[in-house]
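Source file: protein.txt (compact mmCIF, C-alpha atoms and all ligand atoms)
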```txt
# COMPACT_ATOMS: atom_id res chain seq x y z
CA MET A 1 0.00 0.00 0.00
CA ALA A 2 2.81 2.37 0.96
CA THR A 3 4.57 1.64 -2.32
CA THR A 4 1.38 2.25 -4.27
CA ASP A 5 0.95 5.58 -2.53
CA ARG A 6 4.49 6.57 -3.31
CA GLN A 7 3.98 5.58 -6.94
CA ALA A 8 0.81 7.67 -7.10
CA THR A 9 2.69 10.66 -5.70
CA THR A 10 5.60 10.20 -8.11
CA LEU A 11 3.20 9.96 -11.04
CA ALA A 12 1.25 13.01 -9.90
CA LEU A 13 4.48 14.96 -9.55
CA ALA A 14 5.57 13.94 -13.06
CA HIS A 15 2.23 15.06 -14.51
CA ALA A 16 2.35 18.28 -12.49
CA LEU A 17 5.86 19.07 -13.76
CA SER A 18 4.83 18.55 -17.35
CA ALA A 19 1.77 20.78 -16.89
CA ALA A 20 4.07 23.43 -15.42
CA GLU A 21 6.27 23.16 -18.50
CA ARG A 22 3.23 24.28 -20.48
CA GLY A 23 2.92 27.36 -18.30
CA LEU A 24 0.24 25.99 -15.96
CA ALA A 25 0.65 26.70 -12.25
CA VAL A 26 0.10 23.56 -10.16
CA LEU A 27 -0.33 22.47 -6.55
CA PRO A 28 -0.50 18.98 -4.96
CA LEU A 29 -3.94 17.53 -4.26
CA SER A 30 -4.99 14.72 -1.97
CA ARG A 31 -7.32 11.89 -2.95
CA THR A 32 -10.27 14.04 -1.95
CA LYS A 33 -9.31 16.56 -4.68
CA LEU A 34 -8.56 19.13 -1.97
CA PRO A 35 -5.17 20.85 -1.62
CA ALA A 36 -2.90 18.28 0.01
CA LEU A 37 -1.19 20.73 2.33
CA ARG A 38 -3.10 22.08 5.29
CA SER A 39 -3.07 25.72 6.19
CA PRO A 40 -0.24 26.75 8.53
CA HIS A 41 -2.77 29.20 9.99
CA ARG A 42 -5.38 26.57 10.84
CA ASP A 43 -4.87 26.99 14.58
CA ASP A 44 -4.93 30.78 14.51
CA PRO A 45 -7.74 32.24 16.61
CA ALA A 46 -8.88 34.54 13.79
CA PRO A 47 -9.33 33.53 10.15
CA SER A 48 -6.13 34.26 8.26
CA ARG A 49 -5.93 36.50 5.25
CA CYS A 50 -2.47 35.21 4.38
CA HIS A 51 -2.08 34.10 0.78
CA GLY A 52 1.40 32.77 1.27
CA GLU A 53 3.11 35.97 2.34
CA CYS A 54 4.29 34.11 5.45
CA GLY A 55 6.53 32.01 3.21
CA ARG A 56 5.07 28.66 4.26
CA PHE A 57 3.11 26.15 2.17
CA GLY A 58 -0.57 25.38 2.69
CA HIS A 59 -2.42 28.34 1.17
CA GLY A 60 -4.55 26.31 -1.19
CA VAL A 61 -4.58 27.55 -4.76
CA HIS A 62 -2.16 30.32 -3.76
CA ASP A 63 0.55 27.65 -3.48
CA ALA A 64 0.27 27.01 -7.21
CA THR A 65 3.47 27.61 -9.14
CA THR A 66 5.18 26.82 -12.44
CA ASP A 67 8.63 26.70 -10.80
CA PRO A 68 9.80 23.05 -10.97
CA ALA A 69 11.99 23.34 -7.86
CA ARG A 70 9.11 24.70 -5.85
CA ILE A 71 6.74 22.05 -7.22
CA ARG A 72 9.16 19.36 -6.01
CA GLU A 73 9.26 21.01 -2.59
CA LEU A 74 5.46 21.12 -2.43
CA PHE A 75 5.18 17.43 -3.27
CA ALA A 76 7.98 16.56 -0.85
CA ALA A 77 5.96 18.29 1.87
CA ALA A 78 2.86 16.32 0.87
CA PRO A 79 3.99 12.72 0.30
CA TRP A 80 0.33 11.62 0.46
CA ALA A 81 -0.58 13.71 -2.59
CA SER A 82 -1.95 11.62 -5.45
CA GLY A 83 -2.96 14.36 -7.81
CA TYR A 84 -2.43 17.96 -8.70
CA GLY A 85 -4.57 20.99 -9.28
CA ILE A 86 -4.10 23.55 -12.02
CA ALA A 87 -4.82 27.11 -10.91
CA CYS A 88 -7.24 29.00 -13.16
CA GLY A 89 -7.11 32.65 -14.10
CA LEU A 90 -3.34 33.03 -13.91
CA PRO A 91 -1.05 34.32 -16.66
CA PRO A 92 0.00 33.36 -19.27
CA HIS A 93 -3.09 31.24 -20.12
CA HIS A 94 -5.74 32.77 -17.83
CA LEU A 95 -7.29 29.32 -17.79
CA ILE A 96 -11.07 28.97 -17.59
CA GLY A 97 -12.45 25.53 -16.80
CA VAL A 98 -15.89 24.56 -18.06
CA ASP A 99 -16.91 21.67 -15.82
CA LEU A 100 -19.65 19.58 -17.38
CA ASP A 101 -21.20 17.37 -14.75
CA THR A 102 -23.10 14.24 -15.61
CA LYS A 103 -24.49 13.43 -12.20
CA GLY A 104 -28.19 12.84 -11.88
CA GLU A 105 -30.68 13.94 -14.45
CA THR A 106 -28.84 16.94 -15.82
CA ASP A 107 -27.39 16.64 -19.28
CA SER A 108 -24.85 19.42 -19.10
CA THR A 109 -23.46 18.61 -22.55
CA ALA A 110 -26.87 19.22 -24.11
CA ALA A 111 -27.23 22.36 -21.99
CA LEU A 112 -23.92 23.68 -23.32
CA ARG A 113 -24.92 22.83 -26.90
CA GLU A 114 -28.17 24.74 -26.42
CA LEU A 115 -26.32 27.75 -24.97
CA ALA A 116 -23.96 27.67 -27.95
CA LEU A 117 -26.87 27.66 -30.39
CA ARG A 118 -28.70 30.42 -28.60
CA HIS A 119 -25.66 32.66 -28.23
CA LEU A 120 -24.01 31.72 -31.52
CA PHE A 121 -20.67 30.35 -30.45
CA THR A 122 -18.83 27.10 -31.05
CA ILE A 123 -16.45 25.44 -28.64
CA PRO A 124 -13.11 25.22 -30.45
CA PRO A 125 -10.96 22.07 -30.30
CA THR A 126 -9.21 22.21 -26.94
CA VAL A 127 -7.98 20.13 -24.04
CA VAL A 128 -10.76 17.98 -22.59
CA VAL A 129 -10.24 16.12 -19.33
CA LEU A 130 -12.45 13.15 -18.50
CA THR A 131 -13.38 12.78 -14.84
CA PRO A 132 -13.84 9.42 -13.10
CA SER A 133 -17.57 10.13 -12.68
CA GLY A 134 -18.11 10.59 -16.41
CA GLY A 135 -17.89 14.39 -16.43
CA ARG A 136 -15.73 16.50 -18.69
CA HIS A 137 -13.60 19.57 -18.16
CA LEU A 138 -13.05 21.85 -21.14
CA TRP A 139 -10.00 24.07 -20.91
CA LEU A 140 -10.27 27.54 -22.37
CA THR A 141 -8.15 30.63 -22.06
CA GLY A 142 -9.38 34.10 -21.25
CA PRO A 143 -8.03 37.54 -22.07
CA PRO A 144 -5.63 38.96 -19.46
CA ASP A 145 -7.95 41.81 -18.50
CA ALA A 146 -11.04 39.70 -17.75
CA VAL A 147 -11.56 38.20 -14.31
CA VAL A 148 -13.89 35.24 -14.73
CA PRO A 149 -15.47 34.31 -11.40
CA ASN A 150 -16.10 30.76 -10.22
CA SER A 151 -19.70 29.72 -10.51
CA ALA A 152 -21.77 26.61 -10.02
CA GLY A 153 -24.80 26.08 -12.21
CA ARG A 154 -25.15 29.78 -13.03
CA LEU A 155 -24.76 29.24 -16.78
CA ALA A 156 -26.98 26.17 -16.86
CA PRO A 157 -27.69 23.25 -14.53
CA GLY A 158 -24.67 20.96 -14.35
CA ILE A 159 -22.23 23.50 -15.76
CA ASP A 160 -19.70 24.85 -13.28
CA ILE A 161 -17.08 27.41 -14.16
CA ARG A 162 -13.60 27.45 -12.66
CA GLY A 163 -12.12 30.89 -12.90
CA ALA A 164 -9.95 33.19 -10.82
CA GLY A 165 -9.15 31.59 -7.47
CA GLY A 166 -10.34 28.17 -8.63
CA TYR A 167 -8.46 25.14 -9.86
CA LEU A 168 -8.98 22.12 -12.09
CA VAL A 169 -7.92 18.60 -11.23
CA GLY A 170 -5.10 17.88 -13.68
CA PRO A 171 -5.09 14.88 -16.01
CA GLY A 172 -3.15 12.00 -14.48
CA SER A 173 -4.46 12.76 -11.00
CA ARG A 174 -5.68 9.86 -8.93
CA THR A 175 -8.60 10.49 -6.57
CA ARG A 176 -10.81 8.36 -4.39
CA HIS A 177 -13.12 7.86 -7.35
CA GLY A 178 -10.54 7.09 -10.00
CA VAL A 179 -8.15 8.73 -12.42
CA TYR A 180 -8.58 11.93 -14.41
CA THR A 181 -7.42 11.51 -18.00
CA ALA A 182 -7.10 13.69 -21.06
CA ALA A 183 -9.67 12.78 -23.71
CA PRO A 184 -8.02 10.97 -26.63
CA GLY A 185 -6.41 13.38 -29.05
CA THR A 186 -6.74 16.46 -26.83
CA ALA A 187 -3.80 16.12 -24.42
CA HIS A 188 -1.37 18.05 -26.56
CA LEU A 189 -3.72 20.71 -27.87
CA PRO A 190 -3.08 24.19 -26.57
CA PRO A 191 -6.06 25.42 -24.52
CA ALA A 192 -8.23 27.35 -26.99
CA ALA A 193 -9.37 30.93 -26.55
CA CYS A 194 -12.80 31.24 -24.97
CA PRO A 195 -15.29 32.37 -27.65
CA PRO A 196 -16.24 36.03 -26.94
CA ALA A 197 -19.98 35.21 -26.79
CA LEU A 198 -19.31 32.59 -24.12
CA LEU A 199 -16.96 34.91 -22.26
CA ARG A 200 -19.72 37.51 -22.04
CA LEU A 201 -21.92 34.92 -20.32
CA LEU A 202 -19.16 34.12 -17.84
CA LEU A 203 -18.40 37.66 -16.79
CA PRO A 204 -20.48 39.35 -14.10
CA PRO A 205 -22.93 41.92 -15.50
CA PRO A 206 -21.31 45.38 -15.72
CA ARG A 207 -21.95 47.49 -12.67
CA PRO A 208 -23.25 51.02 -13.11
CA HIS A 209 -20.47 53.56 -13.38
CA ARG A 210 -19.24 54.79 -10.07
CA HIS A 211 -17.94 58.28 -9.98
CA THR A 212 -16.08 60.03 -7.26
CA PRO A 213 -18.11 62.97 -5.96
CA ALA A 214 -15.65 65.36 -7.64
CA ALA A 215 -15.97 63.64 -11.02
CA THR A 216 -19.78 63.56 -10.66
CA ASP A 217 -19.79 67.27 -9.88
CA ALA A 218 -17.59 68.12 -12.86
CA HIS A 219 -19.59 65.93 -15.22
CA GLY A 220 -22.89 67.27 -13.89
CA ARG A 221 -21.74 70.88 -14.20
CA GLY A 222 -20.72 70.21 -17.80
CA LEU A 223 -24.20 68.88 -18.59
CA VAL A 224 -25.89 71.85 -16.88
CA GLN A 225 -23.68 74.26 -18.85
CA PHE A 226 -24.63 72.44 -22.03
CA VAL A 227 -28.31 73.06 -21.27
CA LEU A 228 -27.73 76.70 -20.26
CA ALA A 229 -25.99 77.37 -23.58
CA ALA A 230 -29.06 76.29 -25.58
CA HIS A 231 -30.63 78.68 -28.07
CA GLU A 232 -34.35 78.74 -28.62
CA GLY A 233 -35.21 75.81 -30.86
CA GLN A 234 -32.62 73.47 -29.31
CA ARG A 235 -33.62 73.81 -25.68
CA ASN A 236 -35.59 70.60 -25.47
CA THR A 237 -33.12 68.61 -27.56
CA ARG A 238 -30.21 69.75 -25.41
CA LEU A 239 -32.06 69.10 -22.19
CA PHE A 240 -33.04 65.63 -23.38
CA TRP A 241 -29.47 64.83 -24.44
CA ALA A 242 -27.99 66.05 -21.16
CA ALA A 243 -30.54 64.14 -19.09
CA CYS A 244 -29.82 60.94 -21.05
CA ARG A 245 -26.08 61.27 -20.41
CA ALA A 246 -26.77 61.93 -16.73
CA TYR A 247 -28.91 58.79 -16.37
CA GLU A 248 -26.41 56.68 -18.30
CA ASN A 249 -23.73 57.77 -15.88
CA GLY A 250 -25.77 57.08 -12.80
CA ILE A 251 -26.15 60.74 -11.79
CA GLY A 252 -29.59 61.29 -13.33
CA ALA A 253 -31.50 61.50 -10.08
CA ALA A 254 -28.98 63.88 -8.55
CA LEU A 255 -29.09 66.13 -11.58
CA VAL A 256 -32.88 66.49 -12.01
CA GLU A 257 -33.18 69.74 -10.03
CA PRO A 258 -30.07 71.44 -11.51
CA LEU A 259 -31.23 70.50 -15.02
CA VAL A 260 -34.78 71.77 -14.40
CA GLU A 261 -33.31 75.00 -13.07
CA ALA A 262 -31.04 75.40 -16.09
CA ALA A 263 -33.88 74.62 -18.51
CA ARG A 264 -36.07 77.26 -16.89
CA GLU A 265 -33.32 79.81 -17.34
CA THR A 266 -33.32 79.05 -21.06
CA GLY A 267 -37.06 79.72 -21.14
CA LEU A 268 -38.66 76.28 -20.83
CA THR A 269 -41.44 75.88 -18.31
CA GLU A 270 -40.84 73.66 -15.31
CA HIS A 271 -43.52 71.32 -16.58
CA GLU A 272 -41.85 70.97 -20.00
CA ALA A 273 -38.45 70.44 -18.40
CA ARG A 274 -39.68 67.71 -16.05
CA ALA A 275 -41.50 65.94 -18.87
CA THR A 276 -38.34 65.93 -21.01
CA ILE A 277 -36.18 64.65 -18.17
CA ALA A 278 -38.73 61.96 -17.36
CA SER A 279 -38.69 60.72 -20.93
CA ALA A 280 -34.87 60.65 -20.86
CA ALA A 281 -35.10 58.54 -17.71
CA ARG A 282 -37.49 56.11 -19.40
CA MET A 283 -35.34 56.00 -22.51
CA THR A 284 -32.16 55.10 -20.64
CA GLY A 285 -33.82 52.80 -18.13
CA GLY A 286 -33.07 55.26 -15.33
CA SER A 287 -35.63 55.70 -12.61
CA THR A 288 -38.22 58.37 -13.18
CA PRO A 289 -37.81 61.29 -10.84
ZN ZN B 1 0.58 32.22 5.46
```

Represent the structure from my file as structure tokens, please.
Ligand SMILES: [Zn+2]
Amino acid sequence: MATTDRQATTLALAHALSAAERGLAVLPLSRTKLPALRSPHRDDPAPSRCHGECGRFGHGVHDATTDPARIRELFAAAPWASGYGIACGLPPHHLIGVDLDTKGETDSTAALRELALRHLFTIPPTVVVLTPSGGRHLWLTGPPDAVVPNSAGRLAPGIDIRGAGGYLVGPGSRTRHGVYTAAPGTAHLPPAACPPALLRLLLPPPRPHRHTPAATDAHGRGLVQFVLAAHEGQRNTRLFWAACRAYENGIGAALVEPLVEAARETGLTEHEARATIASAARMTGGSTP
């Protein structure tokens, strides 16, 4: 048994080193697929925020490295490791894992096919890892400036996404349930770029612009000036345009009164001004004042 364990560790280390050669940062995993090394902070009274700054091993995915010497040290510290994890979201590949589960009733492969049809993308040929439970991991790469979050079932039932801060069980890993293997013919493919339409589904929806108070003031003053400078005949158009920009930038509500005031100075009635601003709010999806 001891020999078998040592063989499993040696094999996992060999696979991990070859993944690292491809630029993938790795860390040792135990048979439960969890990081093999326990946190050096586990006995601290307060939860630790250390991500390895203390210099010790045991910070989960933060231990992941492409440095062969360090990988050997990690495995030497975890002689019970039987697999390795590949950290997602790190340069140079910015790996994104699409984890297609096959447990239960969900057909995640069909769900992905349907998503692809609906959003007009195709999954390019790429590394596919077969899991012992019959699932599949597709490896994709993201652009350096996009932070893809981890998610479980957000895209569709049975589809989990491994992104920044997550990891994938590497092919050649042995777990309690069996061995992870690369699907035939995919082991030596480079991970393919994530199709833009799929990437859009993986990224969190854009948050409304946040301005510092100073920037909001400056922007708002500019819009008010724009309205004040209106000649007769362009007063409503200018007011409408300024109100639209204000709502798009999240300062619509704050700018209603200054805009009404400015519009009145140009000769519009308060009633006209409020009606124009309200239609700008509707048009941009901003809340009506
Ligand atoms: Zn630490």

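If you look at CA of Arg238 in chain A and CA of Gln225 in chain A, they are 10.3 Å away from each other.
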
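Identified as lying at most 9 Å from ligand ZN 1 (chain B) when counting only C-alpha atoms and all ligand atoms are the residues Ser39, Pro40, His41, Ser48, Arg49, Cys50, His51, Gly52, Glu53, Cys54, Gly55, Arg56, Phe57, Gly58 and His59 of chain A.
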
Residue with smallest distance to Ala182 in chain A - pool A:Leu11, A:Ala230, A:Val127, A:Val147, counting only C-alpha atoms
A:Val127

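Residues with at least one atom no more than 10 Å from (-7.7, 32.7, -23.0), using all atoms listed in the file, are Gly89, Pro91, Pro92, His93, His94, Leu95, Ile96, Trp139, Leu140, Thr141, Gly142, Pro143, Pro144, Ala146, Pro191, Ala192, Ala193, Cys194, Pro195, Pro196 and Leu199 of chain A.
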
Residue list as a ChimeraX atom specification for point (-26.5, 76.8, -23.4), cut-off 10 Å, only C-alpha atoms:
/A:223-232,234-235,238-239,262-263,265-266
